[in-house]
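Novice: Coordinates in protein.cif, mmCIF, C-alpha atoms and all ligand atoms, are listed below.
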data_input
loop_
_atom_site.label_atom_id
_atom_site.label_comp_id
_atom_site.auth_asym_id
_atom_site.auth_seq_id
_atom_site.Cartn_x
_atom_site.Cartn_y
_atom_site.Cartn_z
CA MET X 1 0.00 0.00 0.00
CA LEU X 2 1.26 3.44 -0.91
CA LEU X 3 0.31 6.28 1.43
CA ARG X 4 0.60 9.65 -0.28
CA ASN X 5 0.13 13.27 0.62
CA ALA X 6 0.81 12.80 4.32
CA ASN X 7 2.26 15.21 6.85
CA ILE X 8 4.43 12.59 8.51
CA ILE X 9 5.80 12.87 12.04
CA CYS X 10 8.32 10.04 12.07
CA LEU X 11 9.49 10.50 15.68
CA THR X 12 13.00 9.63 14.62
CA ASP X 13 15.95 11.37 16.19
CA SER X 14 16.38 13.81 13.33
CA GLY X 15 15.39 17.45 14.02
CA ASP X 16 11.76 18.45 14.49
CA TYR X 17 10.96 14.81 15.35
CA GLY X 18 11.49 13.72 11.80
CA ARG X 19 8.76 15.79 10.23
CA ILE X 20 8.18 15.27 6.50
CA SER X 21 5.54 17.71 5.31
CA ASP X 22 4.82 16.20 1.90
CA GLY X 23 5.54 12.62 2.79
CA ALA X 24 4.88 9.19 1.39
CA ALA X 25 5.13 5.75 2.92
CA VAL X 26 5.07 2.28 1.45
CA ILE X 27 3.63 -0.55 3.50
CA ASN X 28 4.43 -4.13 2.60
CA GLU X 29 2.25 -6.56 4.56
CA ASP X 30 2.72 -5.44 8.17
CA ILE X 31 6.01 -3.60 7.68
CA ILE X 32 7.00 -0.06 6.67
CA GLU X 33 9.08 -0.65 3.57
CA TRP X 34 9.86 2.93 2.62
CA VAL X 35 9.19 6.39 4.05
CA GLY X 36 10.37 9.81 2.91
CA PRO X 37 9.51 12.99 1.02
CA ALA X 38 7.14 12.32 -1.89
CA ALA X 39 9.72 13.86 -4.22
CA ASN X 40 12.16 11.03 -3.39
CA LEU X 41 9.69 8.20 -3.86
CA PRO X 42 11.37 5.54 -6.02
CA ARG X 43 9.73 5.07 -9.38
CA THR X 44 8.75 1.46 -8.73
CA TYR X 45 6.41 2.81 -6.07
CA SER X 46 5.29 6.04 -7.73
CA ASN X 47 4.17 4.15 -10.83
CA GLN X 48 1.85 2.10 -8.69
CA ASN X 49 -1.80 3.08 -9.03
CA GLU X 50 -3.51 0.28 -7.23
CA ASN X 51 -3.69 0.33 -3.47
CA VAL X 52 -2.83 4.01 -3.21
CA PHE X 53 -4.22 5.88 -0.24
CA ASP X 54 -4.48 9.67 -0.24
CA CYS X 55 -3.87 11.05 3.27
CA LYS X 56 -5.17 14.46 2.12
CA GLY X 57 -2.43 16.32 3.97
CA LYS X 58 -3.41 14.91 7.35
CA LEU X 59 -0.91 14.20 10.10
CA LEU X 60 0.48 10.66 10.10
CA THR X 61 2.13 9.50 13.33
CA PRO X 62 3.14 6.15 14.77
CA GLY X 63 0.21 4.40 16.46
CA LEU X 64 0.06 5.50 20.09
CA ILE X 65 1.52 3.25 22.78
CA ASP X 66 -0.01 3.34 26.26
CA CYS X 67 2.90 1.85 28.22
CA HIS X 68 1.37 1.84 31.73
CA THR X 69 -2.24 0.80 32.37
CA HIS X 70 -4.33 -1.12 34.86
CA LEU X 71 -7.09 -1.49 32.28
CA VAL X 72 -8.45 -4.86 33.40
CA TYR X 73 -10.44 -4.63 36.63
CA ALA X 74 -13.95 -4.98 37.98
CA GLY X 75 -16.31 -2.29 39.26
CA ASN X 76 -15.39 1.31 39.90
CA ARG X 77 -14.61 3.59 42.82
CA ALA X 78 -16.95 6.55 42.36
CA GLU X 79 -17.81 6.46 46.07
CA GLU X 80 -14.16 6.72 46.97
CA PHE X 81 -13.99 9.69 44.60
CA GLU X 82 -16.73 11.34 46.63
CA ARG X 83 -14.86 10.69 49.87
CA ARG X 84 -11.65 12.10 48.48
CA LEU X 85 -13.58 15.21 47.45
CA GLN X 86 -14.61 15.53 51.10
CA GLY X 87 -10.94 15.59 52.08
CA VAL X 88 -10.06 11.97 52.89
CA SER X 89 -6.67 11.21 51.32
CA TYR X 90 -5.88 8.39 48.91
CA ALA X 91 -3.38 6.91 51.39
CA GLU X 92 -5.92 7.15 54.23
CA ILE X 93 -8.57 5.32 52.20
CA SER X 94 -5.97 2.65 51.43
CA ARG X 95 -5.09 2.28 55.12
CA GLN X 96 -8.80 1.85 55.92
CA GLY X 97 -8.93 -1.13 53.57
CA GLY X 98 -10.53 0.70 50.64
CA GLY X 99 -8.71 1.88 47.56
CA ILE X 100 -6.89 -0.88 45.72
CA MET X 101 -8.44 -3.51 48.05
CA ALA X 102 -11.96 -2.50 47.04
CA THR X 103 -11.07 -3.27 43.44
CA VAL X 104 -9.37 -6.51 44.49
CA THR X 105 -12.59 -7.73 46.11
CA ALA X 106 -14.61 -6.87 43.00
CA THR X 107 -12.06 -8.42 40.66
CA ARG X 108 -11.79 -11.66 42.61
CA SER X 109 -15.54 -12.15 42.41
CA MET X 110 -15.82 -11.67 38.65
CA CYS X 111 -15.25 -14.51 36.17
CA GLU X 112 -12.84 -14.11 33.27
CA ASP X 113 -15.61 -13.54 30.69
CA GLU X 114 -17.16 -10.76 32.75
CA LEU X 115 -13.77 -9.19 33.29
CA VAL X 116 -13.16 -9.13 29.55
CA ASN X 117 -16.60 -7.61 28.93
CA ASP X 118 -16.22 -5.00 31.67
CA SER X 119 -12.80 -3.94 30.44
CA ARG X 120 -13.66 -3.81 26.72
CA PRO X 121 -15.14 -0.27 26.64
CA ARG X 122 -11.99 1.04 28.28
CA LEU X 123 -9.81 -0.54 25.64
CA HIS X 124 -12.14 0.86 22.95
CA ALA X 125 -11.68 4.34 24.40
CA LEU X 126 -7.91 4.04 24.00
CA MET X 127 -8.26 2.60 20.51
CA THR X 128 -10.41 5.46 19.26
CA GLU X 129 -7.55 7.81 20.13
CA GLY X 130 -5.05 5.93 18.02
CA VAL X 131 -3.62 3.37 20.46
CA THR X 132 -2.12 0.31 18.75
CA THR X 133 -0.05 -1.08 21.65
CA VAL X 134 -1.06 -1.27 25.27
CA GLU X 135 0.61 -2.49 28.43
CA ILE X 136 -1.80 -4.06 30.94
CA LYS X 137 -0.93 -4.96 34.52
CA SER X 138 -2.40 -7.47 36.90
CA GLY X 139 -2.42 -6.45 40.57
CA TYR X 140 -6.09 -6.52 41.52
CA GLY X 141 -6.05 -10.24 42.26
CA LEU X 142 -3.29 -10.57 44.84
CA ASP X 143 -3.82 -14.32 44.76
CA THR X 144 -2.51 -16.73 42.20
CA ALA X 145 -5.77 -17.57 40.47
CA THR X 146 -7.02 -14.00 40.15
CA GLU X 147 -3.70 -12.59 38.97
CA ILE X 148 -3.64 -15.20 36.20
CA LYS X 149 -7.31 -14.53 35.42
CA MET X 150 -6.52 -10.83 34.94
CA LEU X 151 -3.58 -11.50 32.64
CA ARG X 152 -5.63 -14.00 30.63
CA ALA X 153 -8.37 -11.40 30.30
CA ALA X 154 -5.78 -8.87 29.09
CA ASP X 155 -4.56 -11.39 26.59
CA ARG X 156 -8.03 -12.24 25.25
CA LEU X 157 -9.16 -8.66 25.04
CA THR X 158 -6.16 -7.45 23.08
CA ARG X 159 -6.16 -10.51 20.83
CA GLU X 160 -9.82 -9.89 20.07
CA HIS X 161 -8.92 -6.39 18.84
CA LYS X 162 -5.56 -7.37 17.31
CA LEU X 163 -3.66 -4.94 19.51
CA ARG X 164 -0.09 -5.43 20.53
CA VAL X 165 0.11 -6.03 24.27
CA GLN X 166 2.63 -6.30 27.06
CA ARG X 167 1.22 -8.26 30.02
CA THR X 168 2.79 -7.21 33.29
CA PHE X 169 2.59 -9.17 36.51
CA LEU X 170 1.97 -6.78 39.44
CA GLY X 171 1.39 -9.26 42.26
CA ALA X 172 3.23 -6.87 44.61
CA HIS X 173 0.68 -4.07 44.21
CA ALA X 174 -0.90 -4.10 47.68
CA LEU X 175 -1.02 -6.35 50.73
CA PRO X 176 -4.14 -8.55 50.69
CA PRO X 177 -6.03 -8.71 54.04
CA GLU X 178 -5.21 -12.42 54.42
CA TYR X 179 -1.60 -11.31 54.90
CA ALA X 180 -2.20 -8.31 57.19
CA ASP X 181 1.00 -7.62 59.17
CA ARG X 182 2.78 -10.40 57.25
CA SER X 183 4.05 -8.54 54.23
CA ASP X 184 7.27 -10.57 54.04
CA ASP X 185 5.20 -13.76 53.89
CA TYR X 186 3.15 -12.26 51.07
CA ILE X 187 6.31 -11.37 49.16
CA ASP X 188 7.43 -15.00 49.60
CA LEU X 189 4.12 -16.09 48.12
CA VAL X 190 4.58 -13.71 45.18
CA CYS X 191 8.10 -15.03 44.54
CA ASN X 192 7.62 -18.72 45.24
CA GLU X 193 4.11 -19.33 43.98
CA MET X 194 2.28 -16.53 42.21
CA LEU X 195 4.89 -15.38 39.72
CA PRO X 196 6.11 -18.91 38.87
CA ALA X 197 2.49 -20.01 38.28
CA ALA X 198 1.74 -17.00 36.09
CA VAL X 199 4.91 -17.64 34.08
CA GLU X 200 3.92 -21.28 33.75
CA ALA X 201 0.52 -20.17 32.44
CA GLY X 202 2.35 -18.23 29.73
CA VAL X 203 0.78 -14.85 30.51
CA VAL X 204 3.70 -12.75 31.76
CA ASP X 205 5.89 -10.44 29.66
CA ALA X 206 7.23 -8.22 32.45
CA VAL X 207 7.17 -7.72 36.22
CA ASP X 208 6.22 -4.59 38.15
CA ALA X 209 5.89 -3.72 41.86
CA PHE X 210 4.54 -0.84 43.94
CA CYS X 211 7.42 0.53 46.01
CA GLU X 212 5.68 2.77 48.54
CA LYS X 213 4.77 3.09 52.21
CA ILE X 214 1.29 1.80 51.34
CA GLY X 215 2.89 -0.78 49.02
CA PHE X 216 6.18 -2.61 49.54
CA SER X 217 9.65 -1.67 50.75
CA VAL X 218 12.70 -1.40 48.53
CA ARG X 219 14.03 -4.64 50.03
CA GLN X 220 10.75 -6.47 49.32
CA VAL X 221 10.57 -5.16 45.78
CA GLU X 222 14.17 -6.29 45.23
CA LYS X 223 13.14 -9.85 46.14
CA VAL X 224 10.39 -9.75 43.54
CA PHE X 225 12.87 -8.46 40.97
CA GLU X 226 15.35 -11.22 41.81
CA THR X 227 12.63 -13.75 41.01
CA ALA X 228 11.78 -11.92 37.79
CA GLU X 229 15.43 -12.04 36.80
CA GLN X 230 15.47 -15.81 37.35
CA PHE X 231 12.71 -16.04 34.75
CA ASN X 232 14.54 -13.60 32.48
CA LEU X 233 11.65 -11.18 32.64
CA PRO X 234 12.14 -7.42 32.30
CA ILE X 235 11.31 -5.34 35.36
CA LYS X 236 9.72 -1.95 35.98
CA CYS X 237 8.63 -0.16 39.12
CA HIS X 238 5.95 2.15 40.54
CA ALA X 239 8.36 4.39 42.40
CA GLU X 240 8.41 7.71 44.23
CA GLN X 241 4.69 8.29 43.63
CA LEU X 242 3.71 9.40 47.14
CA SER X 243 7.07 9.57 48.93
CA ASN X 244 10.76 9.10 48.24
CA LEU X 245 11.82 5.58 49.18
CA GLN X 246 14.61 5.39 46.56
CA GLY X 247 12.78 2.70 44.62
CA ALA X 248 13.56 4.31 41.28
CA VAL X 249 17.33 4.29 41.74
CA MET X 250 17.24 0.70 43.02
CA SER X 251 15.12 -0.42 40.04
CA ALA X 252 17.20 1.46 37.50
CA SER X 253 20.41 0.01 38.90
CA ARG X 254 18.94 -3.46 38.37
CA GLY X 255 18.32 -2.58 34.71
CA ALA X 256 14.62 -1.73 34.90
CA LEU X 257 13.00 -0.94 31.57
CA SER X 258 11.21 1.93 33.24
CA VAL X 259 10.61 3.68 36.52
CA ASP X 260 7.09 5.06 36.74
CA HIS X 261 5.33 8.01 38.47
CA LEU X 262 8.42 9.74 40.03
CA GLU X 263 6.74 12.79 41.56
CA TYR X 264 8.98 12.45 44.64
CA LEU X 265 12.14 11.54 42.74
CA SER X 266 14.90 13.93 43.76
CA ALA X 267 16.59 15.82 40.92
CA ASP X 268 19.88 14.66 42.50
CA ASP X 269 19.01 11.05 41.69
CA VAL X 270 18.23 11.66 38.03
CA GLY X 271 21.88 11.24 37.03
CA ASN X 272 21.80 7.66 38.30
CA ILE X 273 18.63 6.90 36.36
CA ALA X 274 20.29 8.34 33.26
CA LYS X 275 23.42 6.24 33.76
CA ALA X 276 21.38 3.07 34.18
CA GLY X 277 19.37 3.76 31.01
CA SER X 278 15.85 3.32 32.39
CA ILE X 279 12.95 5.26 30.87
CA ALA X 280 10.98 7.69 33.05
CA VAL X 281 7.26 6.99 32.67
CA LEU X 282 5.30 10.05 33.82
CA LEU X 283 1.65 9.71 34.76
CA PRO X 284 0.05 13.16 35.04
CA GLY X 285 -3.44 11.61 35.27
CA ALA X 286 -2.70 10.25 38.75
CA TYR X 287 -1.04 13.55 39.71
CA TYR X 288 -4.20 15.39 38.64
CA VAL X 289 -6.75 13.02 40.17
CA LEU X 290 -4.95 12.84 43.52
CA LYS X 291 -4.50 16.63 43.50
CA GLU X 292 -0.79 16.07 44.02
CA THR X 293 1.35 19.19 44.22
CA GLN X 294 4.82 17.64 44.09
CA LEU X 295 5.99 17.70 40.47
CA PRO X 296 8.30 15.08 38.95
CA PRO X 297 11.76 16.48 38.11
CA VAL X 298 11.04 17.01 34.42
CA VAL X 299 13.76 19.60 33.86
CA ALA X 300 16.42 17.34 35.38
CA LEU X 301 15.15 14.37 33.36
CA ARG X 302 15.33 16.46 30.19
CA ASN X 303 18.79 17.81 31.02
CA HIS X 304 20.09 14.30 31.66
CA ASN X 305 18.52 13.00 28.44
CA VAL X 306 16.40 10.45 30.26
CA PRO X 307 13.70 9.52 27.72
CA MET X 308 10.31 10.50 29.11
CA ALA X 309 7.25 8.42 28.31
CA LEU X 310 3.67 9.35 29.17
CA ALA X 311 0.84 6.92 29.89
CA THR X 312 -2.76 6.97 31.07
CA ASP X 313 -2.12 4.74 34.14
CA CYS X 314 -5.83 4.06 33.63
CA ASN X 315 -7.16 2.47 36.81
CA PRO X 316 -10.30 2.81 38.95
CA GLY X 317 -8.62 4.77 41.76
CA SER X 318 -5.91 7.26 40.95
CA SER X 319 -6.45 7.67 37.21
CA PRO X 320 -9.89 6.79 35.81
CA ILE X 321 -8.77 8.37 32.53
CA PHE X 322 -8.97 6.66 29.17
CA SER X 323 -7.76 9.45 26.94
CA PRO X 324 -4.12 9.48 25.82
CA LEU X 325 -4.70 12.90 24.25
CA LEU X 326 -5.88 14.35 27.55
CA ILE X 327 -2.79 12.89 29.22
CA MET X 328 -0.63 14.56 26.56
CA ASN X 329 -2.33 17.84 27.40
CA MET X 330 -1.68 17.26 31.11
CA GLY X 331 1.94 16.38 30.38
CA CYS X 332 2.29 19.83 28.84
CA THR X 333 0.08 21.91 31.11
CA LEU X 334 0.87 20.26 34.45
CA PHE X 335 4.39 18.90 33.92
CA GLY X 336 5.83 21.48 31.52
CA MET X 337 6.58 19.09 28.69
CA THR X 338 6.56 20.35 25.13
CA PRO X 339 3.85 19.02 22.77
CA LEU X 340 6.49 17.12 20.88
CA GLU X 341 7.83 15.60 24.09
CA ALA X 342 4.26 14.58 24.87
CA LEU X 343 3.90 12.90 21.48
CA ALA X 344 7.28 11.19 21.87
CA GLY X 345 6.02 10.12 25.29
CA PHE X 346 3.19 8.16 23.68
CA THR X 347 5.25 6.81 20.79
CA ILE X 348 9.00 6.27 20.63
CA ASN X 349 9.72 6.70 24.35
CA ALA X 350 6.75 4.52 25.27
CA ALA X 351 8.16 1.87 22.93
CA LYS X 352 11.47 2.14 24.79
CA ALA X 353 9.64 1.77 28.10
CA LEU X 354 8.30 -1.55 26.80
CA GLY X 355 11.63 -2.60 25.30
CA CYS X 356 10.03 -2.72 21.82
CA GLU X 357 11.66 0.26 20.12
CA ASP X 358 13.20 -1.98 17.46
CA GLN X 359 9.68 -2.79 16.22
CA ILE X 360 7.36 0.11 17.03
CA GLY X 361 7.21 3.73 18.16
CA SER X 362 8.46 5.56 15.07
CA ILE X 363 7.83 5.61 11.34
CA GLU X 364 10.97 4.04 9.93
CA THR X 365 11.84 1.44 7.36
CA GLY X 366 11.60 -2.02 8.85
CA LYS X 367 9.25 -1.12 11.70
CA LYS X 368 5.70 -2.41 12.10
CA ALA X 369 3.06 -0.53 10.13
CA ASP X 370 1.16 0.69 13.20
CA LEU X 371 0.03 4.19 12.30
CA ALA X 372 -2.49 6.84 13.26
CA LEU X 373 -3.90 9.48 10.92
CA TRP X 374 -5.11 12.73 12.44
CA GLN X 375 -7.24 15.59 11.16
CA CYS X 376 -4.58 18.07 12.26
CA ALA X 377 -2.17 20.43 10.56
CA HIS X 378 0.38 20.64 13.37
CA PRO X 379 1.52 17.97 15.86
CA ALA X 380 0.97 20.34 18.80
CA GLU X 381 -2.78 20.07 18.13
CA LEU X 382 -2.69 16.57 19.61
CA SER X 383 -1.75 18.05 23.00
CA TYR X 384 -3.77 21.22 22.63
CA HIS X 385 -7.40 20.21 22.22
CA ILE X 386 -9.31 18.81 25.17
CA GLY X 387 -12.32 16.63 24.48
CA LEU X 388 -11.94 16.67 20.74
CA ASN X 389 -10.69 13.55 19.04
CA PRO X 390 -9.05 14.29 15.69
CA CYS X 391 -8.13 10.64 15.04
CA SER X 392 -9.45 9.79 11.61
CA ALA X 393 -7.96 6.35 10.94
CA VAL X 394 -5.72 3.77 12.57
CA MET X 395 -3.56 1.18 10.86
CA GLN X 396 -2.51 -1.87 12.82
CA ASP X 397 -0.03 -4.33 11.31
CA GLY X 398 -0.51 -2.81 7.86
CA LYS X 399 -4.32 -2.95 7.88
CA TRP X 400 -6.73 -0.09 8.44
CA ARG X 401 -8.90 -0.81 11.42
CA ASP X 402 -12.61 -1.41 10.75
CA GLN X 403 -13.71 1.17 13.30
CA ALA X 404 -12.05 3.88 11.28
CA GLN X 405 -12.08 2.53 7.76
CA PRO X 406 -11.13 5.62 5.78
N1 LIG E 501 -0.26 3.56 41.89
C1 LIG E 501 -1.33 4.01 41.26
O1 LIG E 501 -1.52 5.17 40.98
C2 LIG E 501 -2.20 2.89 40.93
N2 LIG E 501 -1.45 1.79 41.43
C3 LIG E 501 -0.35 2.24 41.98
O2 LIG E 501 0.49 1.51 42.46
C4 LIG E 501 -3.51 3.06 41.61
C5 LIG E 501 -4.29 1.82 41.75
C6 LIG E 501 -5.62 2.03 42.38
O3 LIG E 501 -5.85 3.01 43.14
O4 LIG E 501 -6.50 1.20 42.12
FE FE E 502 0.08 2.46 37.86
#
What would the structure in this file look like if it were written as structure tokens?

Specialist:
Amino acid sequence: MLLRNANIICLTDSGDYGRISDGAAVINEDIIEWVGPAANLPRTYSNQNENVFDCKGKLLTPGLIDCHTHLVYAGNRAEEFERRLQGVSYAEISRQGGGIMATVTATRSMCEDELVNDSRPRLHALMTEGVTTVEIKSGYGLDTATEIKMLRAADRLTREHKLRVQRTFLGAHALPPEYADRSDDYIDLVCNEMLPAAVEAGVVDAVDAFCEKIGFSVRQVEKVFETAEQFNLPIKCHAEQLSNLQGAVMSASRGALSVDHLEYLSADDVGNIAKAGSIAVLLPGAYYVLKETQLPPVVALRNHNVPMALATDCNPGSSPIFSPLLIMNMGCTLFGMTPLEALAGFTINAAKALGCEDQIGSIETGKKADLALWQCAHPAELSYHIGLNPCSAVMQDGKWRDQAQP
């Protein structure tokens, strides 16, 4: 397929994020075979008149990648939202046994089919805004069977819609009530039973943990990572979201793909993250919903060339947000990112956060033909509008999606 007349944002390293204003791209099966200025299009392609698609000057970007979500869960927490509005804090609700645990109870009681059905509209919301790859975490089961059920649901749901997925085991998300005051015993269960069983079931691509006072200590998270390493699984970490426990530096020094949240990361520690090569995944949705005031050290991350990804963190508690475009806006307005950093955050840097940048995240020869076409003249429009979805078509693996058949 030949795509013509496209305003292509390649998201390559070249200046202006690899913008080609009168661009063309050639897709062979599921792969980008050629991309460049229309004027340079080799004759073999330009002579083609079948299977030519006119992009009508619209913006063509890589398909968006939501690299941090908790999309699969049961129920919702609107009542907790009301309580937080009355001044009860997120951490306080968690200590009272609500918060994550409320979702755990709901998720345990739902069968896999129901979980898939409940989660589907959320995935659809991401897809309508150009998402072609999504990361989905477990972590609302906190027992072996439910963690596996969640990851199976993630698998089924994304397969059903032909999305690329990374399934992340987050058994160390919260302490289940059965293990109250026995958090080390729970970590033993995660390491000796839950994670091995989930790996055996073939549903784990990566391992995450919540390093926080209301989650697990650095030492406990390290144990989980040691087990992940035994299975050769990449690691990532929810770190420095509500306080500074030094989880990000620990995770980065163990080679974590990404360290996520980072509001309480000290600018002094950014150099170590940079040295280790981890990606910073920023989640302004949770910052907004929790009315956080501590900002992540964006300037230091930028100055140290730590690639910054953005993600929805969509979950029923701290980020009931299913709009990557809104998150891009928040990345700019709340965190001081540039619109192009925000777009890189949902494309090339998100691909790096998943360890998939050799396949996806930019429009380059040899990469997967996962693309999004937008009714926009300038890439900053993607971060600028709120509540307007300019996505006009999405290509996944070289095929236009039915929902947006152009
Ligand atoms: N941090 C978060 O923001 C989510 N998980 C985490 O470790 C919130 C999960 C929830 O509140 O349900
Ligand atoms: Fe999260």

Novice: Using all atoms listed in the file, which residues have at least one atom no more than 8 Å from ligand FE 502 (chain E)? Output them as a PyMOL selection string.

Specialist: chain X and resi 68-70+238+260-261+313-315

Novice: Measuring atom to atom with only C-alpha atoms and all ligand atoms, identify which of X:Asp208, X:Asp30, X:Asp54, X:Glu200 is nearest to ligand LIG 501 (chain E).

Specialist: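 So, comparing all the options, the nearest one is X:Asp208.
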
Novice: So the first atom is atom CA of Met127 of chain X and the second is atom CA of Phe81 of chain X; what is the distance between them in Å, to one decimal place?

Specialist: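 Pair atom CA of Met127 of chain X / atom CA of Phe81 of chain X returns 25.8 Å.
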
Novice: Counting only C-alpha atoms, what is within 12 Å of Ser109 of chain X, bar same-chain residues fewer than 4 positions away, as an mmCIF file with C-alpha atoms, in the frame of the given file?

Specialist:
data_model
loop_
_atom_site.group_PDB
_atom_site.id
_atom_site.type_symbol
_atom_site.label_atom_id
_atom_site.label_comp_id
_atom_site.auth_asym_id
_atom_site.auth_seq_id
_atom_site.Cartn_x
_atom_site.Cartn_y
_atom_site.Cartn_z
ATOM 1 C CA TYR X 73 -10.440 -4.630 36.630
ATOM 2 C CA ALA X 74 -13.950 -4.980 37.980
ATOM 3 C CA GLY X 75 -16.310 -2.290 39.260
ATOM 4 C CA ALA X 102 -11.960 -2.500 47.040
ATOM 5 C CA THR X 103 -11.070 -3.270 43.440
ATOM 6 C CA VAL X 104 -9.370 -6.510 44.490
ATOM 7 C CA THR X 105 -12.590 -7.730 46.110
ATOM 8 C CA ASP X 113 -15.610 -13.540 30.690
ATOM 9 C CA GLU X 114 -17.160 -10.760 32.750
ATOM 10 C CA LEU X 115 -13.770 -9.190 33.290
ATOM 11 C CA TYR X 140 -6.090 -6.520 41.520
ATOM 12 C CA GLY X 141 -6.050 -10.240 42.260
ATOM 13 C CA ALA X 145 -5.770 -17.570 40.470
ATOM 14 C CA THR X 146 -7.020 -14.000 40.150
ATOM 15 C CA LYS X 149 -7.310 -14.530 35.420
ATOM 16 C CA MET X 150 -6.520 -10.830 34.940
#

Novice: For Glu79 of chain X, which residue out of X:Pro316, X:Leu382, X:Ala174, X:Asn232 is the nearest one, using all atoms listed in the file?

Specialist: X:Pro316

Novice: Using all atoms listed in the file, which residues of the polymer chains come no farther than 6 Å from ligand LIG 501 (chain E)? I'd like the answer as a list of chain:residue names.

Specialist: X:Gly99, X:Ile100, X:His173, X:Phe210, X:His238, X:Ala286, X:Asn315, X:Pro316, X:Gly317, X:Ser318

Novice: Which residue gives the smallest distance to Arg159 of chain X among X:Cys391, X:Met194, X:Leu59, X:Leu123, with all atoms listed in the file counted?

Specialist: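 Residue with the minimum atom-to-atom distance to Arg159 of chain X: X:Leu123.
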
Novice: Between atom CA of Thr128 of chain X and atom CA of Lys352 of chain X, what distance in Å does the model show, to one decimal?

Specialist: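 Here the two named atoms are 22.8 Å from each other.
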
Novice: Report, in Å to a single decimal, how far apart atom CA of Asp268 of chain X and atom CA of Thr338 of chain X are.

Specialist: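 These two atoms are separated by 22.6 Å.
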
Novice: Have a look at X:Gln86, X:Ser251, X:Ser383, X:Ser46 and name the one nearest to Ala342 of chain X; count all atoms listed in the file.

Specialist: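 Of the candidates, the smallest distance to Ala342 of chain X is held by X:Ser383.
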
Novice: Leaving out Ile214 of chain X and any residue of its chain fewer than 2 positions from it, which residues lie within 8 Å of it when counting only C-alpha atoms, given as a list in words?

Specialist: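 Counting only the stated atoms, we get Ala91, Ser94, Arg95, Ala174, Glu212 and Phe216 of chain X.
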
Novice: Do you know which residues lie at most 12 Å from (15.7, 1.1, 33.7), with coordinates as in the file and only C-alpha atoms counted, and could you write them as a ChimeraX atom specification?

Specialist: /X:208,234-239,247-260,270,272-281,306-308,352-355

Novice: For a quick check of your reading of the model, name the residues lying within 9 Å of the coordinate (12.6, 16.1, 42.6), counting all atoms listed in the file, and write them as a list of chain:residue names.

Specialist: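 Residues with an atom close enough to that point: X:Leu262, X:Glu263, X:Tyr264, X:Leu265, X:Ser266, X:Ala267, X:Asp268, X:Asp269, X:Val270, X:Gln294, X:Leu295, X:Pro296, X:Pro297, X:Val298, X:Ala300.
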
Novice: Using only C-alpha atoms, which of the listed residues (X:Leu282, X:Leu3, X:Ile136, X:Ile65) sits closest to Tyr45 of chain X?

Specialist: X:Leu3

Novice: Fewer than 4 positions away in the same chain doesn't count, so skip those; otherwise give me all residues within 9 Å of Arg164 of chain X, counting only C-alpha atoms, as a ChimeraX atom specification.

Specialist: /X:132-135,158-159,396

Novice: Skipping near chain neighbours, those fewer than 5 positions away, what residues fall within 10 Å of Asp402 of chain X using all atoms listed in the file, listed as a PyMOL selection string?

Specialist: chain X and resi 393-395

Novice: Rebuild segment 212-222 of chain X so that it carries N, CA and C atoms, then output the result as an mmCIF file, in the frame of the given file.

Specialist:
data_model
loop_
_atom_site.group_PDB
_atom_site.id
_atom_site.type_symbol
_atom_site.label_atom_id
_atom_site.label_comp_id
_atom_site.auth_asym_id
_atom_site.auth_seq_id
_atom_site.Cartn_x
_atom_site.Cartn_y
_atom_site.Cartn_z
ATOM 1 N N GLU X 212 6.319 1.625 47.877
ATOM 2 C CA GLU X 212 5.680 2.770 48.540
ATOM 3 C C GLU X 212 5.350 2.392 49.963
ATOM 4 N N LYS X 213 5.160 3.387 50.819
ATOM 5 C CA LYS X 213 4.770 3.090 52.210
ATOM 6 C C LYS X 213 3.494 2.271 52.245
ATOM 7 N N ILE X 214 2.523 2.593 51.364
ATOM 8 C CA ILE X 214 1.290 1.800 51.340
ATOM 9 C C ILE X 214 1.425 0.599 50.410
ATOM 10 N N GLY X 215 2.630 0.382 49.868
ATOM 11 C CA GLY X 215 2.890 -0.780 49.020
ATOM 12 C C GLY X 215 3.961 -1.633 49.684
ATOM 13 N N PHE X 216 5.120 -1.740 49.036
ATOM 14 C CA PHE X 216 6.180 -2.610 49.540
ATOM 15 C C PHE X 216 7.509 -1.860 49.622
ATOM 16 N N SER X 217 8.362 -2.340 50.523
ATOM 17 C CA SER X 217 9.650 -1.670 50.750
ATOM 18 C C SER X 217 10.611 -1.977 49.606
ATOM 19 N N VAL X 218 11.676 -1.185 49.555
ATOM 20 C CA VAL X 218 12.700 -1.400 48.530
ATOM 21 C C VAL X 218 13.238 -2.838 48.625
ATOM 22 N N ARG X 219 13.476 -3.287 49.840
ATOM 23 C CA ARG X 219 14.030 -4.640 50.030
ATOM 24 C C ARG X 219 13.042 -5.700 49.520
ATOM 25 N N GLN X 220 11.756 -5.502 49.791
ATOM 26 C CA GLN X 220 10.750 -6.470 49.320
ATOM 27 C C GLN X 220 10.637 -6.456 47.804
ATOM 28 N N VAL X 221 10.669 -5.259 47.237
ATOM 29 C CA VAL X 221 10.570 -5.160 45.780
ATOM 30 C C VAL X 221 11.795 -5.823 45.132
ATOM 31 N N GLU X 222 12.956 -5.653 45.770
ATOM 32 C CA GLU X 222 14.170 -6.290 45.230
ATOM 33 C C GLU X 222 14.015 -7.806 45.160
#
